[in-house]
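Shown next, in structure tokens, is the structure this report addresses.
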Amino acid sequence: MKRLFAMLLPMVFAAVTAAAQVPEASTACGPWVVDMTDDAFTVVWVSTGRSVGWVETAPDDGTSFYAEERPRHYEDLLGRHVVSRLHRVRVEGLEPGTAYRYRIYQQGVDDSGAIPVLGRPTASNVYSRKPYRVRTFDTSADVCRFTVVNDIHGRDSIFRALTADVTKRGVDFVAFNGDMSNLMASIEQQQEAYLTLASELFAADTPIVAVRGNHETRGAASVEFMNLFPNTSGKPYYMFRHGPAAFLVLDCGEDKPDSDIEYGGLAAYDAYREREAEWLRRTLQDDAFRSAAVRIVFLHVPPETGGWHGSREIMRLFVPLLNEAGVDIMLSGHLHLYDFVERGERGNDFPVLINSNDERLDIEVTPSRIAIDVVDATGKAVHRHEVAVKRR
Ligand SMILES: [Fe+2]
């Protein structure tokens with residue numbers, strides 16, 4: 001026993017000494033909320049150093065966050081809490097259509113040795129500022145409201161002008177419909193391009209629905225897309241439900257042929273879109289999709305027959321399936337110009353609303369209609385559409 005103590009003592013002493021040396025980690029960017037469902041959501045943020053991150057949740061019941069011990073949620077991988085600069089914490093087991101408050105923590109970790117040493121934890125402020133607050137989706141709700149922006153290309157001022165009042169307007173989510181920056185060079189560049197601002201303005205409280213644009217396929221950090229915007233499907237194409245609607249998030253891939261000089265031989269989007277179409281074919285048969293009164297598609301590049309390769313492939317692979325599935329509307333961007341493609345104009349059995357790069361869409365969905373305001377940077381509605389939902 002004595003021998004064991006003598007052996008362990010230096011290790012404990014080393015650990016205590018090292019604890020003082022572990023750099024303190026704090027929040028560098030975020031949080032932002034993604035993959036909202038009616039019983040779960042994911043909180044994402046970036047810390048200044050390698051750290052273990054966790055989220056504490058509390059009901060939105062007017063109590064102080066300090067009133068009692070709050071449940072902790074971690075990101076685990078193979079049984080161990082993840083140590084990283086990027087934190088992606090899933091909070092599960094929630095009630096639909098219910099508001100929750102939350103707080104984020106991180107604690108610097110030196111796990112270079114066998115026994116990890118942790119520094120002092122830091123957390124978001126729940127004392128002089130209100131805790132973050134989110135509301136879960138509700139598939140039994142009669143109405144849902146959301147905002148769409150696209151083709152921001154890292155332009156701070158237009159992004160701010162279009163989204164500054166999101167929290168005040170109380171929308172259920174904000175869709176980033178592709179090309180939020182010119183490329184994905186690094187996570188830091190994504191922070192600077194729009195994530196820091198998004199978190200400050202609304203995304204800590206209002207969930208993001210991220211749709212991959214062709215510019216998100218470019219750059220050394222394009223592989224980080226699913227890390228910045230994780231969802232339980234693990235793919236940038238997936239389906240979710242909220243209110244009376246089923247939403248299909250589709251991935252356009254690149255707009256030019258895979259062999260184009262711009263892609264340096266790295267592009268393989270033809271085969272990728274074929275696989276996506278197979279997934280789409282199956283998903284459109286799911287009860288979760290078919291039981292929705294309203295069917296809405298997000299797709300950054302709109303379908304075109306006479307357009308570039310990507311949009312022609314979208315027309316060939318996706319549009320016939322979506323026609324058959326009774327889709328009510330597709331929301332697109334990419335062209336940097338507003339257009340409303342009427343049903344039937346391009347072989348599409350649903351209208352395609354193409355939002356410009358300087359305006360946002362404010363959308364309200366009920367079981368019978370989709371009401372859309374196209375709103376400019378001054379807050380003025382410059383176009384209005386009301387789309388009647390198809391009878392099933
Ligand atoms: Fe684009």
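Residue numbering restarts at 1 in every chain; chains get A, B, ... in the order shown in the structure tokens, and ligands count up from 1 in that same order.
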message = Residues contacting ligand 1 - anything with an atom at most 7 Å away, using only C-alpha atoms and all ligand atoms - can you give me those as a PyMOL selection string?
response = chain A and resi 151+178-179+213-215+300-301+333-335
message = When you look at stretch 45-50 of chain A with a cut-off of 6 Å (counting only C-alpha atoms), what residues show up, excluding the ones that are within fewer than 4 positions of it in the same chain? I need them as number ranges by chain.
response = A: 25-31, 84-87, 108
key: Selection: 12 Å around A:Glu224, only C-alpha atoms, excl. self and same-chain fewer than 4 positions, as an MDAnalysis selection string   = chainID A and resid 86 183:190 212 216:220 228:230 234:236
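With distances restricted to only C-alpha atoms, A:Asp111 is the closest residue to A:Val83 from A:Asp38, A:Asp349, A:Asp111, A:Asp286.
What separates atom CA of A:Gly154 from atom CA of A:Asn355 is a distance of 16.7 Å.
From atom CA of A:Pro207 back to atom CA of A:Arg103, the distance works out to 15.5 Å.
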note = From atom CA of A:Pro302 to atom CA of A:Asp156 the spacing works out at 24.8 Å
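Residue neighbourhood of A:Leu317, excluding near-sequence residues (fewer than 6 positions): Arg273, Glu274 and Ala277 of chain A, at 8 Å, using only C-alpha atoms.
The residue that comes closest to A:Phe65, out of A:Val126, A:Ala114, A:Val211, A:Ala175 and on the basis of only C-alpha atoms, is A:Val126.
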task = Would you please give, as a ChimeraX atom specification, all residues of stretch 57-183 of chain A that DSSP assigns to strand (DSSP E) based on the backbone?
result = /A:57-59,72-74,76-77,80-81,83-91,99-110,117-123,132-135,144-149,173-177
inquiry  = Let's see if you can do this: from backbone DSSP, list all helix (DSSP H, G or I) residues in stretch 34-228 of chain A, as a ChimeraX atom specification.
reply    = /A:156-163,166-169,187-203,214-217,222-228
